[in-house]
Amino acid sequence: MADSQKRSNELISMSQIRPYLKLLVKNWWLIAVLSGTGYATARLITHRQLDIYSATAEILLDQGGTELDYQKRLTGQTNLFNYNNSEAKDQQRILRSFDLVGRVVDRMSLTIDYYLVGRLKTSHVSHFGAIEITASPDLFNPMYLGTPIDLFIEDEQYYRLRYTLSTGEIKEITQPFSVPIEGPELALTVRHSGSRIVDFSEPGGPQINRDALEQARKQHFQFRVYNRNQRIEQLRGALQVENILGTNVLAISSSNTLFGRAQEFLEMLSEEYIDYTKESRLESSLKTETFINMQLEELVAIMDSLEMQVDRFKERNEILDLSREQTEFFNALVRLESQERELEFRLEALNSLRTYLSSGVEANSLPPTSYLIEEDPLLIEQVSQLYSIRSERTNALLDVTEDSYQIRRLDSAISNARFTITKYIEDTREAIDAQRSNVRRQISSLEVRLSGIPSTQRDIVVMERKLQVNEKLYVFLLEARAQNVITRASITPQASIIEVARSNGIIGPNKGRTIRNYSIYGAIIALAISFLRMLLFDRLETTQELREITQLPVVAGLPNYAKIETHPLAILENSRAQITEAFRSLRTNLQYLLAQEGANTILVSSLHPGEGKSFVSSNLSTILAKTGKSVALVDFDMHKPKVHKNFHLSNQIGLSTYLIGNCEIEDMKQTGPVDTLTVYTAGPIPPNASELVMNDRLDPFLRKLRAEYDFVILDTPPMLLITDALMLMSKVDTGLLVSNTQKATKRGIQHLEDLLNQNNLNHASLVMNNIKSSLAANYYAKYAYKYGYGYNYGYGYGKYGRSSYGEEPETRA
């Protein structure tokens with residue numbers, strides 16, 4: 001009681017832990033094998049994997065500069081480069097854009113990737129030392145772009161290519177060096193490397209290095225050809241751009257399996273991005289300069305013509321000599337006409353801006369006269385807003401399509417901005433026209449006042465006035481061009497490299513993690529399989545496990561007996577063996593099962609065939625007979641009799657013969673290996689064995705055996721297949737149901753209990769057969785010490801191989 005109370009107080013009992021310990025003990029080899037397989041697989045995979053090299057760089061945004069304020073407002077720099085989170089994301093998208101990466105690809109020679117293939121590992125290299133390959137990706141069949149092509153050097157003149165066709169067939173081509181392959185699948189040329197040596201031992205001048213050629217013939221070369229778009233997608237896929245939190249710094253990183261390529265790519269990408277930040281403003285400045293130069297060329301032509309006219313006119317006519325009042329009127333007239341020409345120039349700039357706006361959303365650069373409208377801050381602000389919206393649309397197209405809601409919304413905003421600016425331009429043009437009309441009226445008034453000058457003198461006045469007006473306009477344009485040149489010189493990139501691209505070495509693959517994960521995956525799979533085996537195929541292996549799942553008494557555990565087929569009578573084979581002691585224990589426990597006076601009939605059966613019921617009944621009857629008791633063993637398994645085989649007896653006459661009335665009890669008696677043991681064999685197998693069990697001669701037969709023998713043992717068929725045992729169970733005093741560790745399961749024992757409960761049979765006990773030797777040894781060691789039968793006491797074998805009573809162990813029953 002104390003033990004049971006102690007077990008109830010335990011949080012976790014041994015019976016709860018035992019299934020999992022059993023799972024580990026039975027499946028440790030599976031766990032070790034699968035974990036080892038995972039480890040070996042991971043080692044092979046990581047050995048074959050290409051090392052990944054990484055490089056990083058950092059770019060600082062919004063560096064400002066010396067540009068004029070109106071230029072910054074016009075280009076939207078005060079908005080565009082005052083980075084917030086959304087705008088920083090725009091710059092991240094620009095850095096990863098297809099076009100910007102494409103500019104880098106155009107600068108790098110990335111048509112071919114080269115590999116050296118070893119027995120277990122393939123290495124990515126920058127070039128082949130022995131040969132040179134040139135390819136034309138545009139002429140390649142697209143199916144073979146990016147696919148591995150193996151190359152082998154046959155001799156000094158020929159090489160061999162091997163690649164897989166789209167149909168899955170492997171194709172090989174043998175081609176002379178320096179002879180182009182022009183389709184249909186490939187377009188390339190393979191040459192010997194430019195590295196040559198002079199071998200004067202042979203005629204003909206310089207020869208190929210034969211040692212190098214011989215080494216190259218042993219090498220397995222492999223290469224892959226990519227077109228521009230494929231390479232751009234590769235580099236974009238490996239490129240990462242992050243905005244460092246709380247700063248205007250973009251951290252860019254890239255990785256590649258070729259050492260140095262990631263660093264080179266980031267260096268060029270940083271340079272291209274820096275150039276990109278100032279390209280639009282440089283382009284606008286150049287357009288402005290072109291516009292001014294065109295106006296200057298026209299003015300120079302006009303001025304030259306006027307000067308020639310004035311000179312010729314003065315040669316033919318008198319020199320003009322105006323009065324002081326006329327001179328003042330003349331100077332005022334020149335100023336007004338210069339003002340008129342400037343107003344016309346502004347109108348022309350506005351017309352150019354209106355033409356730019358009508359070009360549509362595709363024109364993403366600044367207007368050609370953007371540097372000539374600084375007098376109008378409102379117009380600058382409106383153009384800046386339009387430029388910002390167009391830039392936002394361009395950046396958005398990196399992530400979405402033209403039909404997306406975001407693009408449609410931006411297109412609508414651009415349309416509204418264009419309409420607003422166009423309306424403002426029209427209003428400004430009307431105001432300038434009105435101002436120009438006013439200037440024209442003043443000019444007309446002054447011309448009237450100068451009309452008193454003689455016609456000859458008036459003509460030269462007009463020519464000189466036009467000349468001075470054009471000279472002033474010329475000076476104005478020269479100043480504008482100089483200002484534009486100064487502005488262009490002050491244009492600086494809106495970003496700077498603060499951390500040049502540098503290599504971070506090998507960053508992957510993480511071989512240690514791969515090996516660890518594969519080993520863990522192997523162990524997990526092994527545990528899953530083990531757990532599945534435990535659920536579906538778990539076998540009961542000890543008497544303790546059997547006791548834990550059933551209410552039936554477990555009276556004995558029989559160890560594994562290897563000679564069960566050749567020497568089924570184990571107690572006669574070796575009286576000192578564990579199996580013999582086990583049957584002695586079973587014999588002792590039967591005294592408690594048959595404690596009632598006159599109870600001597602024992603039924604032996606099992607749930608499944610092959611669990612050892614005949615082995616148990618034969619050895620039990622023999623060991624009982626060795627004590628001097630009279631024992632009758634009856635083979636009731638008339639479906640598949642086996643008792644006569646165990647005792648090497650005849651089966652010509654037996655129980656089946658008696659039940660059909662062809663013999664008497666005395667006729668079928670046979671003596672066993674012990675004089676007090678009588679064996680009744682099953683007899684010839686009848687066609688209706690189960691019906692014979694219900695024969696009227698059965699009960700008198702059993703009563704006679706009860707009366708004549710001390711023990712009567714009935715060996716019956718398995719209960720799962722045949723009901724004979726269940727019918728006979730009601731006619732015996734106790735039943736021994738044998739369970740074999742190779743077949744005994746929790747579900748089977750529960751089914752056996754259900755059969756007994758349905759037939760109201762409550763006098764059955766269980767015998768566990770075929771217990772593994774180590775488990776059996778532990779069981780019997782505990783049993784011996786528990787009941788006082790240690791190695792040196794009682795009936796156990798003594799230290800020197802003799803019993804405590806002095807008899808030889810071999811003679812013991």
# chains A, B, ... in the order shown; residues from 1 in each chain; ligands from 1
$ residues_around --residues "Pro700 (chain A)" --least-positions-apart "6" --cutoff "12 Å" --atoms "only C-alpha atoms" --output "list in words"
Tyr658, Leu659, Glu664, Ile665, Arg706, Ala707 and Lys731 of chain A
$ residues_around --residues "His639 (chain A)" --least-positions-apart "2" --cutoff "7 Å" --atoms "only C-alpha atoms" --output "list in words"
Asp637, Pro641, Ile685 and Ala689 of chain A
$ write_last_selection --atoms "N, CA and C atoms" --output "PDB file, in the first residue's frame"
ATOM      1  N   ASP A 637      -6.093 -28.800 -30.599  1.00  0.00           N
ATOM      2  CA  ASP A 637      -5.957 -28.039 -31.844  1.00  0.00           C
ATOM      3  C   ASP A 637      -6.016 -29.007 -33.014  1.00  0.00           C
ATOM      4  N   PRO A 641      -2.563 -29.375 -35.571  1.00  0.00           N
ATOM      5  CA  PRO A 641      -1.945 -29.996 -34.377  1.00  0.00           C
ATOM      6  C   PRO A 641      -0.415 -29.916 -34.438  1.00  0.00           C
ATOM      7  N   ILE A 685      -6.545 -34.758 -38.983  1.00  0.00           N
ATOM      8  CA  ILE A 685      -7.290 -33.489 -39.059  1.00  0.00           C
ATOM      9  C   ILE A 685      -8.646 -33.750 -39.700  1.00  0.00           C
ATOM     10  N   ALA A 689     -13.616 -29.795 -37.524  1.00  0.00           N
ATOM     11  CA  ALA A 689     -12.965 -29.835 -36.212  1.00  0.00           C
ATOM     12  C   ALA A 689     -13.747 -29.052 -35.163  1.00  0.00           C
TER      13      ALA A 689
END
$ residues_around --residues "region 757-759 of chain A" --least-positions-apart "4" --cutoff "12 Å" --atoms "only C-alpha atoms" --output "list in words"
Gln551, Leu552, Thr723, Ala725, Leu726, Met727, Leu728, Met729, Ser730, Gln750, His751, Leu752, Glu753, His763 and Ala764 of chain A
$ write_last_selection --atoms "N, CA and C atoms" --output "mmCIF file, in the first residue's frame"
data_model
loop_
_atom_site.group_PDB
_atom_site.id
_atom_site.type_symbol
_atom_site.label_atom_id
_atom_site.label_comp_id
_atom_site.auth_asym_id
_atom_site.auth_seq_id
_atom_site.Cartn_x
_atom_site.Cartn_y
_atom_site.Cartn_z
ATOM 1 N N GLN A 551 -6.140 -5.917 -17.030
ATOM 2 C CA GLN A 551 -6.587 -6.295 -15.694
ATOM 3 C C GLN A 551 -6.383 -7.787 -15.430
ATOM 4 N N LEU A 552 -6.032 -8.541 -16.470
ATOM 5 C CA LEU A 552 -5.798 -9.968 -16.304
ATOM 6 C C LEU A 552 -4.478 -10.196 -15.581
ATOM 7 N N THR A 723 -13.214 -20.372 -32.525
ATOM 8 C CA THR A 723 -13.905 -20.204 -31.234
ATOM 9 C C THR A 723 -13.768 -21.420 -30.332
ATOM 10 N N ALA A 725 -11.405 -22.483 -28.367
ATOM 11 C CA ALA A 725 -10.837 -22.188 -27.056
ATOM 12 C C ALA A 725 -11.866 -21.521 -26.148
ATOM 13 N N LEU A 726 -12.676 -20.623 -26.715
ATOM 14 C CA LEU A 726 -13.692 -19.950 -25.906
ATOM 15 C C LEU A 726 -14.723 -20.960 -25.401
ATOM 16 N N MET A 727 -15.091 -21.922 -26.238
ATOM 17 C CA MET A 727 -16.063 -22.932 -25.814
ATOM 18 C C MET A 727 -15.475 -23.838 -24.734
ATOM 19 N N LEU A 728 -14.190 -24.180 -24.871
ATOM 20 C CA LEU A 728 -13.576 -25.077 -23.889
ATOM 21 C C LEU A 728 -13.225 -24.365 -22.593
ATOM 22 N N MET A 729 -13.093 -23.001 -22.655
ATOM 23 C CA MET A 729 -12.703 -22.255 -21.468
ATOM 24 C C MET A 729 -13.687 -22.462 -20.327
ATOM 25 N N SER A 730 -14.974 -22.602 -20.679
ATOM 26 C CA SER A 730 -15.989 -22.787 -19.630
ATOM 27 C C SER A 730 -15.912 -24.164 -18.969
ATOM 28 N N GLN A 750 -6.377 -5.773 -25.639
ATOM 29 C CA GLN A 750 -7.719 -5.247 -25.385
ATOM 30 C C GLN A 750 -8.776 -6.087 -26.095
ATOM 31 N N HIS A 751 -8.478 -6.534 -27.308
ATOM 32 C CA HIS A 751 -9.420 -7.397 -28.021
ATOM 33 C C HIS A 751 -9.595 -8.724 -27.282
ATOM 34 N N LEU A 752 -8.515 -9.251 -26.745
ATOM 35 C CA LEU A 752 -8.594 -10.493 -25.984
ATOM 36 C C LEU A 752 -9.453 -10.311 -24.741
ATOM 37 N N GLU A 753 -9.275 -9.208 -24.045
ATOM 38 C CA GLU A 753 -10.114 -8.947 -22.864
ATOM 39 C C GLU A 753 -11.578 -8.825 -23.261
ATOM 40 N N HIS A 763 -11.560 -16.392 -15.547
ATOM 41 C CA HIS A 763 -10.550 -17.204 -14.880
ATOM 42 C C HIS A 763 -9.354 -17.455 -15.805
ATOM 43 N N ALA A 764 -9.023 -16.462 -16.580
ATOM 44 C CA ALA A 764 -7.884 -16.581 -17.493
ATOM 45 C C ALA A 764 -6.715 -15.753 -16.963
#
$ closest_residue --among "A:Met308, A:Ala187, A:Leu633, A:Val738" --to "Leu702 (chain A)" --atoms "only C-alpha atoms"
A:Leu633
$ residues_around --residues "Tyr424 (chain A)" --least-positions-apart "5" --cutoff "9 Å" --atoms "only C-alpha atoms" --output "tab-separated table (two decimals) with N, CA and C atoms, in the first residue's frame"
chain	number	residue	atom	x	y	z
A	379	LEU	N	5.50	81.23	-61.11
A	379	LEU	CA	5.65	80.27	-62.21
A	379	LEU	C	6.70	79.22	-61.85
A	419	PHE	N	-2.61	72.15	-66.76
A	419	PHE	CA	-3.69	73.09	-67.08
A	419	PHE	C	-3.50	74.41	-66.32
A	429	ARG	N	1.11	86.05	-70.62
A	429	ARG	CA	1.30	86.55	-71.98
A	429	ARG	C	0.40	87.74	-72.27
$ residues_around --residues "Gln382 (chain A)" --least-positions-apart "3" --cutoff "8 Å" --atoms "only C-alpha atoms" --output "PyMOL selection string"
chain A and resi 378-379+385-386+417+421
$ residues_around --residues "Arg502 (chain A)" --least-positions-apart "3" --cutoff "8 Å" --atoms "only C-alpha atoms" --output "compact mmCIF listing (two decimals) with N, CA, C and O atoms, in the first residue's frame"
# COMPACT_ATOMS: atom_id res chain seq x y z
N ALA A 55 29.57 42.68 -50.64
CA ALA A 55 30.20 44.00 -50.60
C ALA A 55 29.14 45.01 -50.20
O ALA A 55 27.94 44.81 -50.45
N THR A 56 29.58 46.10 -49.57
CA THR A 56 28.66 47.14 -49.12
C THR A 56 29.22 48.51 -49.46
O THR A 56 30.43 48.68 -49.65
N ALA A 57 28.32 49.50 -49.54
CA ALA A 57 28.69 50.90 -49.75
C ALA A 57 27.60 51.75 -49.12
O ALA A 57 26.49 51.27 -48.86
N GLN A 263 31.77 43.93 -55.32
CA GLN A 263 32.42 45.20 -55.02
C GLN A 263 32.50 46.08 -56.27
O GLN A 263 32.20 47.28 -56.22
$ atom_distance --atom1 "CA of Ile94 (chain A)" --atom2 "CA of Asp275 (chain A)"
12.6 Å
$ residues_around --residues "region 391-396 of chain A" --least-positions-apart "5" --cutoff "7 Å" --atoms "only C-alpha atoms" --output "compact mmCIF listing (two decimals) with N, CA and C atoms, in the first residue's frame"
# COMPACT_ATOMS: atom_id res chain seq x y z
N ASP A 90 11.72 56.28 -52.49
CA ASP A 90 11.82 56.56 -53.92
C ASP A 90 13.26 56.41 -54.40
N ARG A 93 14.21 52.83 -54.71
CA ARG A 93 13.70 52.22 -55.93
C ARG A 93 14.51 52.65 -57.14
N ILE A 94 14.96 53.91 -57.13
CA ILE A 94 15.79 54.37 -58.25
C ILE A 94 17.09 53.59 -58.30
N ILE A 407 -0.85 55.30 -60.68
CA ILE A 407 -0.40 56.01 -61.88
C ILE A 407 -1.52 56.88 -62.43
N LEU A 410 -1.70 60.00 -60.37
CA LEU A 410 -0.62 60.93 -60.68
C LEU A 410 -0.83 61.58 -62.05
$ atom_distance --atom1 "CA of Ile443 (chain A)" --atom2 "CA of Val334 (chain A)"
8.8 Å
$ closest_residue --among "A:Ala40, A:Leu34, A:Leu756, A:Ala489" --to "Thr514 (chain A)" --atoms "only C-alpha atoms"
A:Ala40
$ select_by_dssp --residues "region 656-729 of chain A" --states "strand (DSSP E or B)" --output "list in words"
Gln670, Thr671, Leu677, Thr678, Val679, Tyr680, Phe711, Val712, Ile713, Leu714 and Asp715 of chain A
$ atom_distance --atom1 "CA of Arg584 (chain A)" --atom2 "CA of Ser618 (chain A)"
13.3 Å
$ closest_residue --among "A:Gly246, A:Gly146, A:Ser178, A:Pro184" --to "Asn229 (chain A)" --atoms "only C-alpha atoms"
A:Gly146
$ closest_residue --among "A:Arg576, A:Lys472, A:Lys640, A:Arg703" --to "Leu296 (chain A)" --atoms "only C-alpha atoms"
A:Lys472
$ closest_residue --among "A:Tyr709, A:Cys663, A:Thr422, A:Phe636" --to "Met694 (chain A)" --atoms "only C-alpha atoms"
A:Phe636
$ closest_residue --among "A:Arg119, A:Arg48, A:Lys171, A:Lys278" --to "Ala495 (chain A)" --atoms "only C-alpha atoms"
A:Lys278
$ decode --residues "region 522-551 of chain A" --atoms "N, CA, C and O atoms" --output "tab-separated table (two decimals), in the first residue's frame"
chain	number	residue	atom	x	y	z
A	522	GLY	N	17.24	15.08	-39.77
A	522	GLY	CA	17.35	13.62	-39.77
A	522	GLY	C	16.86	13.03	-38.47
A	522	GLY	O	16.14	12.01	-38.46
A	523	ALA	N	17.24	13.67	-37.33
A	523	ALA	CA	16.79	13.17	-36.03
A	523	ALA	C	15.28	13.31	-35.89
A	523	ALA	O	14.61	12.41	-35.34
A	524	ILE	N	14.73	14.43	-36.38
A	524	ILE	CA	13.28	14.63	-36.28
A	524	ILE	C	12.53	13.59	-37.12
A	524	ILE	O	11.52	13.03	-36.68
A	525	ILE	N	13.03	13.34	-38.33
A	525	ILE	CA	12.39	12.32	-39.17
A	525	ILE	C	12.46	10.95	-38.49
A	525	ILE	O	11.50	10.19	-38.50
A	526	ALA	N	13.63	10.66	-37.89
A	526	ALA	CA	13.79	9.38	-37.19
A	526	ALA	C	12.81	9.28	-36.02
A	526	ALA	O	12.18	8.23	-35.81
A	527	LEU	N	12.67	10.36	-35.26
A	527	LEU	CA	11.74	10.36	-34.14
A	527	LEU	C	10.30	10.22	-34.63
A	527	LEU	O	9.49	9.52	-34.00
A	528	ALA	N	9.99	10.88	-35.75
A	528	ALA	CA	8.64	10.76	-36.29
A	528	ALA	C	8.34	9.32	-36.73
A	528	ALA	O	7.27	8.78	-36.45
A	529	ILE	N	9.32	8.72	-37.41
A	529	ILE	CA	9.14	7.33	-37.82
A	529	ILE	C	9.03	6.43	-36.59
A	529	ILE	O	8.19	5.51	-36.54
A	530	SER	N	9.87	6.69	-35.60
A	530	SER	CA	9.84	5.88	-34.38
A	530	SER	C	8.50	6.03	-33.68
A	530	SER	O	7.92	5.04	-33.19
A	531	PHE	N	8.01	7.26	-33.61
A	531	PHE	CA	6.73	7.49	-32.96
A	531	PHE	C	5.60	6.81	-33.72
A	531	PHE	O	4.68	6.24	-33.14
A	532	LEU	N	5.70	6.86	-35.06
A	532	LEU	CA	4.70	6.19	-35.88
A	532	LEU	C	4.76	4.68	-35.67
A	532	LEU	O	3.73	4.00	-35.58
A	533	ARG	N	5.96	4.17	-35.59
A	533	ARG	CA	6.11	2.73	-35.30
A	533	ARG	C	5.54	2.38	-33.94
A	533	ARG	O	4.92	1.33	-33.77
A	534	MET	N	5.75	3.27	-32.98
A	534	MET	CA	5.23	3.00	-31.65
A	534	MET	C	3.70	2.99	-31.64
A	534	MET	O	3.07	2.17	-30.97
A	535	LEU	N	3.09	3.91	-32.44
A	535	LEU	CA	1.63	3.97	-32.48
A	535	LEU	C	1.02	2.80	-33.24
A	535	LEU	O	-0.01	2.25	-32.83
A	536	LEU	N	1.65	2.44	-34.35
A	536	LEU	CA	1.04	1.44	-35.23
A	536	LEU	C	1.60	0.04	-35.03
A	536	LEU	O	0.88	-0.95	-35.23
A	537	PHE	N	2.88	-0.06	-34.70
A	537	PHE	CA	3.51	-1.37	-34.67
A	537	PHE	C	4.20	-1.68	-33.35
A	537	PHE	O	5.05	-2.56	-33.28
A	538	ASP	N	3.84	-0.94	-32.31
A	538	ASP	CA	4.53	-1.16	-31.03
A	538	ASP	C	4.15	-2.52	-30.46
A	538	ASP	O	2.98	-2.90	-30.45
A	539	ARG	N	5.14	-3.23	-29.97
A	539	ARG	CA	4.94	-4.55	-29.39
A	539	ARG	C	5.21	-4.50	-27.89
A	539	ARG	O	6.09	-3.77	-27.44
A	540	LEU	N	4.44	-5.24	-27.16
A	540	LEU	CA	4.69	-5.38	-25.73
A	540	LEU	C	5.86	-6.33	-25.54
A	540	LEU	O	5.85	-7.45	-26.06
A	541	GLU	N	6.85	-5.91	-24.77
A	541	GLU	CA	8.10	-6.67	-24.68
A	541	GLU	C	8.41	-7.18	-23.29
A	541	GLU	O	9.32	-7.99	-23.13
A	542	THR	N	7.72	-6.70	-22.29
A	542	THR	CA	7.99	-7.15	-20.91
A	542	THR	C	6.68	-7.43	-20.21
A	542	THR	O	5.61	-6.96	-20.60
A	543	THR	N	6.78	-8.19	-19.12
A	543	THR	CA	5.60	-8.45	-18.31
A	543	THR	C	5.10	-7.18	-17.65
A	543	THR	O	3.89	-7.04	-17.41
A	544	GLN	N	6.02	-6.27	-17.36
A	544	GLN	CA	5.61	-5.00	-16.75
A	544	GLN	C	4.71	-4.23	-17.68
A	544	GLN	O	3.68	-3.68	-17.27
A	545	GLU	N	5.09	-4.14	-18.98
A	545	GLU	CA	4.24	-3.46	-19.95
A	545	GLU	C	2.90	-4.16	-20.09
A	545	GLU	O	1.86	-3.51	-20.24
A	546	LEU	N	2.91	-5.47	-20.02
A	546	LEU	CA	1.66	-6.22	-20.14
A	546	LEU	C	0.76	-5.96	-18.94
A	546	LEU	O	-0.46	-5.79	-19.09
A	547	ARG	N	1.32	-5.90	-17.75
A	547	ARG	CA	0.51	-5.64	-16.55
A	547	ARG	C	-0.11	-4.24	-16.58
A	547	ARG	O	-1.19	-4.03	-16.04
A	548	GLU	N	0.61	-3.28	-17.19
A	548	GLU	CA	0.13	-1.91	-17.17
A	548	GLU	C	-1.08	-1.68	-18.06
A	548	GLU	O	-1.81	-0.71	-17.85
A	549	ILE	N	-1.33	-2.56	-19.02
A	549	ILE	CA	-2.43	-2.31	-19.96
A	549	ILE	C	-3.60	-3.28	-19.78
A	549	ILE	O	-4.60	-3.16	-20.48
A	550	THR	N	-3.50	-4.24	-18.85
A	550	THR	CA	-4.57	-5.24	-18.71
A	550	THR	C	-4.90	-5.49	-17.25
A	550	THR	O	-4.07	-5.28	-16.34
A	551	GLN	N	-6.14	-5.92	-17.03
A	551	GLN	CA	-6.59	-6.30	-15.69
A	551	GLN	C	-6.38	-7.79	-15.43
A	551	GLN	O	-6.52	-8.24	-14.29
